[in-house]
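Everything below belongs to my_file.txt, which stores compact mmCIF, C-alpha atoms.
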# COMPACT_ATOMS: atom_id res chain seq x y z
CA MET K 23 -3.13 2.18 16.45
CA SER K 24 -1.41 -1.09 17.21
CA GLY K 25 -1.81 -3.43 20.16
CA GLY K 26 -0.32 -6.72 21.25
CA SER K 27 -3.15 -8.83 19.85
CA TYR K 28 -4.96 -6.64 17.34
CA TYR K 29 -4.38 -3.83 14.88
CA VAL K 30 -6.68 -0.91 14.16
CA PRO K 31 -5.60 0.79 10.93
CA ALA K 32 -5.73 4.53 10.53
CA SER K 33 -8.46 5.92 8.32
CA SER K 34 -7.49 5.95 4.64
CA LYS K 35 -9.05 7.31 1.46
CA TRP K 36 -7.22 4.84 -0.79
CA PRO K 37 -9.60 1.85 -0.57
CA ILE K 38 -12.64 3.80 -1.75
CA LEU K 39 -10.64 5.57 -4.47
CA ALA K 40 -9.23 2.23 -5.64
CA SER K 41 -12.76 0.79 -5.82
CA LEU K 42 -14.03 3.76 -7.83
CA ALA K 43 -11.09 3.66 -10.26
CA LEU K 44 -11.45 -0.10 -10.72
CA GLY K 45 -15.17 0.29 -11.31
CA VAL K 46 -14.58 2.90 -14.00
CA MET K 47 -11.95 0.74 -15.68
CA MET K 48 -14.13 -2.40 -15.72
CA THR K 49 -17.18 -0.45 -16.95
CA GLY K 50 -15.11 0.91 -19.82
CA THR K 51 -13.73 -2.56 -20.54
CA GLY K 52 -17.24 -4.00 -20.67
CA MET K 53 -18.35 -1.25 -23.06
CA VAL K 54 -15.40 -1.97 -25.35
CA LEU K 55 -16.12 -5.70 -25.41
CA VAL K 56 -19.88 -5.36 -25.92
CA HIS K 57 -20.33 -2.16 -27.92
CA GLY K 58 -16.86 -1.51 -29.34
CA ARG K 59 -16.59 1.86 -27.64
CA GLY K 60 -15.59 3.04 -24.20
CA THR K 61 -11.82 3.13 -24.63
CA PRO K 62 -11.43 6.60 -23.00
CA MET K 63 -13.31 5.41 -19.90
CA MET K 64 -11.24 2.23 -19.74
CA ALA K 65 -8.00 4.21 -20.10
CA ALA K 66 -9.06 6.75 -17.46
CA GLY K 67 -9.90 3.94 -15.05
CA LEU K 68 -6.55 2.26 -15.69
CA VAL K 69 -4.68 5.52 -15.03
CA GLY K 70 -6.72 5.94 -11.85
CA VAL K 71 -5.89 2.43 -10.64
CA LEU K 72 -2.17 2.93 -11.29
CA ALA K 73 -2.20 6.33 -9.56
CA VAL K 74 -3.98 4.98 -6.48
CA MET K 75 -1.63 1.99 -6.28
CA THR K 76 1.43 4.24 -6.53
CA LEU K 77 0.25 6.66 -3.85
CA TRP K 78 -1.10 3.94 -1.56
CA PHE K 79 2.14 1.96 -1.69
CA ARG K 80 4.06 5.20 -1.12
CA ASP K 81 2.17 5.71 2.13
CA VAL K 82 2.78 2.11 3.21
CA ILE K 83 6.52 2.53 2.56
CA ARG K 84 6.60 5.76 4.53
CA GLU K 85 4.78 4.18 7.47
CA SER K 86 7.21 1.28 7.45
CA ARG K 87 10.24 3.57 7.32
CA ARG K 88 8.91 5.51 10.31
CA GLY K 89 8.70 2.33 12.38
CA LEU K 90 4.93 2.41 12.74
CA TYR K 91 4.48 -1.35 12.23
CA ASP K 92 4.89 -3.95 14.95
CA ALA K 93 5.02 -7.75 14.91
CA GLN K 94 1.22 -8.01 14.66
CA MET K 95 1.17 -5.83 11.56
CA ASP K 96 3.99 -7.88 10.05
CA ARG K 97 1.92 -11.03 10.53
CA SER K 98 -1.04 -9.28 8.95
CA PHE K 99 1.03 -8.44 5.87
CA ARG K 100 2.28 -12.00 5.59
CA TRP K 101 -1.19 -13.50 5.86
CA GLY K 102 -2.48 -10.99 3.32
CA MET K 103 0.24 -11.82 0.81
CA GLY K 104 -0.26 -15.53 1.39
CA TRP K 105 -3.99 -15.33 0.67
CA PHE K 106 -3.33 -13.15 -2.37
CA ILE K 107 -1.00 -15.76 -3.85
CA PHE K 108 -3.56 -18.47 -3.03
CA SER K 109 -6.16 -16.51 -5.00
CA GLU K 110 -3.71 -16.37 -7.90
CA VAL K 111 -3.25 -20.14 -7.67
CA MET K 112 -7.02 -20.57 -7.99
CA PHE K 113 -7.09 -18.09 -10.87
CA PHE K 114 -4.62 -20.08 -12.95
CA ALA K 115 -6.10 -23.40 -11.79
CA ALA K 116 -9.37 -22.40 -13.50
CA PHE K 117 -7.58 -21.91 -16.83
CA PHE K 118 -5.52 -25.06 -16.51
CA GLY K 119 -8.75 -26.88 -15.67
CA THR K 120 -10.33 -25.50 -18.83
CA LEU K 121 -7.42 -26.75 -20.90
CA PHE K 122 -7.66 -30.18 -19.27
CA TYR K 123 -11.42 -30.42 -19.86
CA VAL K 124 -11.16 -29.40 -23.51
CA ARG K 125 -8.32 -31.78 -24.30
CA ASN K 126 -9.54 -34.81 -22.38
CA PHE K 127 -13.34 -34.58 -22.62
CA ALA K 128 -14.78 -32.06 -25.07
CA ILE K 129 -12.68 -32.91 -28.13
CA PRO K 130 -12.99 -36.73 -27.74
CA TRP K 131 -16.76 -36.30 -27.36
CA LEU K 132 -16.91 -34.37 -30.63
CA ASP K 133 -15.17 -37.30 -32.29
CA GLY K 134 -17.87 -39.70 -31.14
CA GLU K 135 -16.27 -41.07 -27.98
CA GLY K 136 -18.32 -41.84 -24.89
CA ALA K 137 -21.88 -40.90 -24.01
CA LYS K 138 -21.70 -37.65 -25.95
CA GLY K 139 -20.93 -39.42 -29.23
CA VAL K 140 -24.13 -38.10 -30.79
CA ALA K 141 -22.23 -34.84 -31.40
CA ALA K 142 -20.25 -36.66 -34.08
CA LEU K 143 -23.39 -36.69 -36.25
CA LEU K 144 -22.85 -32.99 -36.83
CA TRP K 145 -19.27 -33.39 -38.06
CA PRO K 146 -18.79 -36.99 -39.29
CA ASP K 147 -15.35 -36.23 -40.74
CA PHE K 148 -13.98 -34.65 -37.57
CA THR K 149 -10.95 -36.31 -35.98
CA ALA K 150 -9.97 -35.55 -32.40
CA SER K 151 -6.44 -34.27 -32.00
CA TRP K 152 -4.51 -31.71 -30.04
CA PRO K 153 -3.56 -29.13 -31.10
CA LEU K 154 -6.88 -28.81 -32.89
CA MET K 155 -5.62 -27.78 -36.34
CA ASN K 156 -8.99 -28.21 -38.11
CA PRO K 157 -11.94 -27.04 -36.00
CA PRO K 158 -15.23 -28.79 -36.87
CA ASP K 159 -16.83 -25.44 -37.77
CA SER K 160 -15.59 -24.59 -41.26
CA SER K 161 -16.00 -20.87 -40.55
CA ILE K 162 -13.18 -21.07 -38.01
CA ALA K 163 -9.63 -21.30 -39.33
CA GLY K 164 -7.30 -23.36 -37.17
CA PRO K 165 -3.62 -22.58 -36.71
CA VAL K 166 -1.29 -23.26 -39.63
CA GLU K 167 1.49 -24.51 -37.36
CA THR K 168 2.28 -24.70 -33.65
CA PHE K 169 5.35 -23.55 -31.78
CA SER K 170 8.20 -25.92 -31.13
CA PRO K 171 8.72 -26.01 -27.36
CA TRP K 172 12.48 -26.27 -27.86
CA GLN K 173 12.97 -22.82 -29.35
CA LEU K 174 11.59 -19.56 -27.89
CA PRO K 175 9.51 -21.29 -25.17
CA LEU K 176 12.60 -23.16 -23.92
CA VAL K 177 14.66 -19.96 -23.95
CA ASN K 178 11.99 -18.20 -21.87
CA THR K 179 11.87 -21.16 -19.48
CA LEU K 180 15.62 -20.96 -18.93
CA ILE K 181 15.33 -17.21 -18.42
CA LEU K 182 12.63 -17.49 -15.75
CA VAL K 183 14.34 -20.34 -13.92
CA SER K 184 17.56 -18.31 -13.94
CA SER K 185 15.67 -15.28 -12.62
CA SER K 186 14.45 -17.27 -9.62
CA ILE K 187 18.06 -18.21 -8.89
CA THR K 188 19.34 -14.63 -9.18
CA LEU K 189 16.49 -13.36 -6.99
CA THR K 190 17.28 -15.98 -4.34
CA VAL K 191 20.93 -14.90 -4.34
CA ALA K 192 19.82 -11.27 -3.96
CA HIS K 193 17.51 -12.21 -1.09
CA GLU K 194 20.20 -14.17 0.71
CA GLY K 195 22.59 -11.25 0.25
CA LEU K 196 20.05 -8.93 1.87
CA LYS K 197 19.58 -11.29 4.82
CA GLU K 198 23.36 -11.42 5.31
CA GLY K 199 23.76 -7.66 4.97
CA TYR K 200 25.62 -7.71 1.62
CA ARG K 201 23.83 -4.83 -0.06
CA SER K 202 26.04 -4.76 -3.15
CA THR K 203 25.23 -8.42 -3.75
CA THR K 204 21.53 -7.69 -3.35
CA ARG K 205 21.71 -4.73 -5.71
CA ASN K 206 23.64 -6.50 -8.47
CA TRP K 207 21.69 -9.76 -8.46
CA LEU K 208 18.34 -8.00 -8.17
CA ALA K 209 19.28 -5.87 -11.18
CA CYS K 210 20.04 -9.11 -13.06
CA THR K 211 16.59 -10.42 -12.11
CA VAL K 212 14.88 -7.30 -13.46
CA LEU K 213 16.91 -7.58 -16.68
CA LEU K 214 15.89 -11.23 -17.08
CA GLY K 215 12.25 -10.28 -16.58
CA LEU K 216 12.55 -7.69 -19.35
CA CYS K 217 14.16 -10.30 -21.61
CA PHE K 218 11.24 -12.68 -21.00
CA ILE K 219 8.69 -10.00 -21.86
CA THR K 220 10.57 -9.07 -25.05
CA ILE K 221 10.83 -12.68 -26.22
CA GLN K 222 7.15 -13.31 -25.54
CA GLY K 223 6.34 -10.23 -27.61
CA VAL K 224 8.38 -11.71 -30.47
CA GLU K 225 6.56 -15.01 -30.02
CA TYR K 226 3.17 -13.30 -30.24
CA TYR K 227 4.21 -11.52 -33.43
CA GLU K 228 5.31 -14.82 -34.94
CA ALA K 229 2.05 -16.45 -33.81
CA TYR K 230 -0.09 -13.89 -35.62
CA ALA K 231 2.14 -13.29 -38.65
CA HIS K 232 3.36 -16.78 -39.52
CA TYR K 233 1.66 -19.50 -37.47
CA GLY K 234 -2.00 -18.55 -37.78
CA ILE K 235 -2.37 -18.68 -34.00
CA THR K 236 -4.86 -15.95 -33.11
CA LEU K 237 -7.73 -15.53 -30.67
CA GLN K 238 -10.01 -16.57 -33.54
CA ALA K 239 -8.06 -19.79 -34.29
CA GLY K 240 -10.47 -22.09 -32.50
CA ILE K 241 -10.10 -23.42 -28.98
CA TYR K 242 -6.34 -23.85 -29.33
CA GLY K 243 -5.77 -20.17 -30.09
CA ALA K 244 -8.12 -19.09 -27.31
CA THR K 245 -6.52 -21.25 -24.60
CA PHE K 246 -3.00 -20.42 -25.81
CA PHE K 247 -3.46 -16.66 -25.50
CA ILE K 248 -5.53 -16.77 -22.32
CA LEU K 249 -2.93 -18.83 -20.48
CA THR K 250 0.23 -17.22 -21.84
CA GLY K 251 -1.33 -13.76 -21.95
CA PHE K 252 -2.40 -13.66 -18.32
CA HIS K 253 0.95 -15.12 -17.31
CA GLY K 254 2.75 -12.48 -19.37
CA LEU K 255 0.73 -9.80 -17.59
CA HIS K 256 1.85 -11.23 -14.26
CA VAL K 257 5.48 -11.17 -15.41
CA ILE K 258 5.12 -7.50 -16.37
CA ILE K 259 3.62 -6.70 -12.96
CA GLY K 260 6.33 -8.74 -11.21
CA THR K 261 9.09 -6.99 -13.13
CA ILE K 262 7.69 -3.59 -12.15
CA ILE K 263 7.52 -4.71 -8.50
CA LEU K 264 11.13 -5.92 -8.59
CA ALA K 265 12.22 -2.66 -10.24
CA VAL K 266 10.59 -0.78 -7.35
CA MET K 267 12.41 -3.07 -4.89
CA LEU K 268 15.68 -2.29 -6.70
CA GLY K 269 14.99 1.41 -6.37
CA ARG K 270 14.36 0.99 -2.66
CA VAL K 271 17.58 -1.00 -2.23
CA LEU K 272 19.50 1.78 -3.98
CA ARG K 273 17.96 4.29 -1.56
CA GLY K 274 19.10 2.27 1.44
CA HIS K 275 15.76 0.74 2.38
CA PHE K 276 15.41 -2.67 4.04
CA ALA K 277 17.51 -4.30 6.74
CA ALA K 278 18.74 -7.84 7.28
CA GLY K 279 15.87 -8.61 9.66
CA ASP K 280 13.24 -6.22 8.35
CA HIS K 281 12.47 -6.48 4.62
CA PHE K 282 9.04 -7.98 4.13
CA GLY K 283 8.38 -5.81 1.07
CA PHE K 284 11.33 -7.46 -0.66
CA GLU K 285 10.30 -10.89 0.60
CA ALA K 286 6.72 -10.49 -0.65
CA ALA K 287 8.03 -9.49 -4.09
CA ALA K 288 10.18 -12.63 -4.09
CA TRP K 289 7.19 -14.82 -3.19
CA TYR K 290 5.23 -13.37 -6.07
CA TRP K 291 8.08 -13.83 -8.56
CA HIS K 292 8.71 -17.44 -7.59
CA PHE K 293 4.98 -18.14 -7.96
CA VAL K 294 4.99 -16.63 -11.47
CA ASP K 295 7.99 -18.81 -12.35
CA ALA K 296 6.26 -21.94 -11.09
CA VAL K 297 3.17 -21.17 -13.21
CA TRP K 298 5.38 -20.86 -16.28
CA ILE K 299 6.78 -24.35 -15.73
CA GLY K 300 3.21 -25.65 -15.88
CA LEU K 301 2.53 -23.61 -19.02
CA PHE K 302 5.68 -24.84 -20.71
CA LEU K 303 4.77 -28.46 -20.03
CA PHE K 304 1.03 -28.45 -20.77
CA VAL K 305 0.74 -25.72 -23.42
CA TYR K 306 3.93 -26.26 -25.40
CA VAL K 307 5.31 -29.76 -24.71
CA PHE K 308 2.37 -32.15 -24.14
Encoded form using structure tokens:
Amino acid sequence: MSGGSYYVPASSKWPILASLALGVMMTGTGMVLVHGRGTPMMAAGLVGVLAVMTLWFRDVIRESRRGLYDAQMDRSFRWGMGWFIFSEVMFFAAFFGTLFYVRNFAIPWLDGEGAKGVAALLWPDFTASWPLMNPPDSSIAGPVETFSPWQLPLVNTLILVSSSITLTVAHEGLKEGYRSTTRNWLACTVLLGLCFITIQGVEYYEAYAHYGITLQAGIYGATFFILTGFHGLHVIIGTIILAVMLGRVLRGHFAAGDHFGFEAAAWYWHFVDAVWIGLFLFVYVF
């Protein structure tokens, strides 16, 4: 039921089912991390989350196609997507903050700098540097070598920047009513997303096989995989979203003045691209 100043949504089973599926998945994940078992529960929860998302989004698309949403509901969607992206900004800000703290405070303190210099008594031969190739704890093996930012990371940067351009062209084509332009350039964006994912997979293989960069390679390995790993997950999700948008374009969905689903996907993708620029600069270059 929709009014001029408020919106009362119809009853839906999807929120409670999504909560249950997410709870099962996280319980299984916790069991795997703590006890080393619980993979079936984690997998079942993940399948449940994906199923609920698919069916829930299907219903939202059907409601939109039937013209059930008014201007108030459109504003609600926009505010919701805006707050979601803000939460993602805070999510990555926490990890960037961790990287900043480690590099600018924790490691210099271990080397005897500042008020925490007493820590240097534990490791008198430790020298502060980043990347931390030789962790002070001898039981931890640091990375053998680090990635050059001007090889695979630069290629992936060019790919993501190009994907933002192709997506913008597709969006402008949709706003102008050029559906073939939207289809072709959106397909290019999806292809570029797949290329990024493939190259990052190659980079991870090289990290483990030849560079000694693993999750156990001290603080450098941990921050490297946390930052690039979560970003890679977001690229995978964004690529799936754009592939769904491409499928909808091929089916004749969206109009020049009514395409918030496409617009929200574009917001998300541009955000993911902006995060990668920060990763490229502060993880690979500096």
In Å, how far is it from CA of Asn156 in chain K to CA of Leu174 in chain K?
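CA of Leu174 in chain K lies 24.6 Å from CA of Asn156 in chain K.
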Select, from K:Ala73, K:Ile187, K:Ile107, K:Val166, the residue with the minimum atom-to-atom distance to Ala286 in chain K, counting all atoms listed in the file.
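So, comparing all the options, the nearest one is K:Ile107.
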CA of Ile258 in chain K and CA of Leu216 in chain K, how far apart in Å?
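Pair CA of Leu216 in chain K / CA of Ile258 in chain K returns 8.0 Å.
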Shortest interatomic distance to Phe246 in chain K - which of K:Phe122, K:Phe218, K:Tyr91, K:Tyr306, counting only C-alpha atoms:
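Ranked by minimum distance to Phe246 in chain K, first place goes to K:Tyr306.
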Neighbours of range 194-199 of chain K within 7 Å (all atoms listed in the file; same-chain residues fewer than 4 positions away dropped), as a list in words?
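Those residues are Thr190, Thr203, Thr204, Ala278 and Gly279 of chain K.
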Go through K:Glu110, K:Glu225, K:Glu285, K:Asp133 and flag the residue nearest Leu154 in chain K, using only C-alpha atoms for the distances.
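Nearest to Leu154 in chain K: K:Asp133.
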So that I can see what lies close to Trp298 in chain K, please list as JSON, numbers by chain the residues with an atom at most 9 Å from it, counting all atoms listed in the file and leaving out residues fewer than 5 positions away in the same chain.
{"K": [179, 182, 250, 253, 293, 303]}
Expected file: the selected residues, C-alpha atoms, as a CSV table (one decimal), keeping the file's coordinate frame:
chain,number,residue,atom,x,y,z
K,179,THR,CA,11.9,-21.2,-19.5
K,182,LEU,CA,12.6,-17.5,-15.8
K,250,THR,CA,0.2,-17.2,-21.8
K,253,HIS,CA,1.0,-15.1,-17.3
K,293,PHE,CA,5.0,-18.1,-8.0
K,303,LEU,CA,4.8,-28.5,-20.0
Spatial neighbours of range 235-245 of chain K, 10 Å, all atoms listed in the file, chain gap at least 5 places, as a PyMOL selection string:
chain K and resi 117-118+120-121+124-125+129+152-159+161-169+226-230+250-251+305
Can you tell me, as a PyMOL selection string, what residues are no more than 7 Å from Thr188 in chain K when counting only C-alpha atoms, ignoring any on the same chain fewer than 5 positions away?
chain K and resi 207-208+210-211
Shell of 12 Å around Arg273 in chain K, all atoms listed in the file, local chain residues under 6 positions omitted, as a PyMOL selection string:
chain K and resi 87+201+205+266-267
Got time to write the residues from that selection, C-alpha atoms, as a short mmCIF file (atom, residue, chain, number, x, y, z; two decimals), in the coordinates of the input?
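Listing of out31.cif after writing:
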data_model
loop_
_atom_site.label_atom_id
_atom_site.label_comp_id
_atom_site.auth_asym_id
_atom_site.auth_seq_id
_atom_site.Cartn_x
_atom_site.Cartn_y
_atom_site.Cartn_z
CA ARG K 87 10.24 3.57 7.32
CA ARG K 201 23.83 -4.83 -0.06
CA ARG K 205 21.71 -4.73 -5.71
CA VAL K 266 10.59 -0.78 -7.35
CA MET K 267 12.41 -3.07 -4.89
#
With only C-alpha atoms as the basis for distance, which of K:Phe247, K:Trp101, K:Tyr200, K:Trp131 is at the shortest distance from Phe276 in chain K?
K:Tyr200
For Ile83 in chain K, which residue among K:Phe284, K:Phe252, K:Tyr290, K:Tyr123 is the nearest when counting all atoms listed in the file?
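Checking each candidate against Ile83 in chain K, we get K:Phe284 as the closest.
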Rank nothing, just name the residue among K:Leu249, K:Ile259, K:Leu301, K:Leu264 nearest to Ala116 in chain K, using all atoms listed in the file.
K:Leu249
Quote the spacing between CA of Leu189 in chain K and CA of His281 in chain K in Å to one decimal place.
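Rounded to one decimal, the two atoms are 14.1 Å apart.
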Protein and nucleic acid residues near (1.6, -7.5, 8.3) (cut-off 12 Å, only C-alpha atoms) as number ranges by chain
K: 24, 28-29, 31, 82, 86, 90-104, 280-283, 286
Polymer residues at most 8 Å from (25.7, 1.7, -3.0) by all atoms listed in the file, as number ranges by chain:
K: 201-202, 272, 274
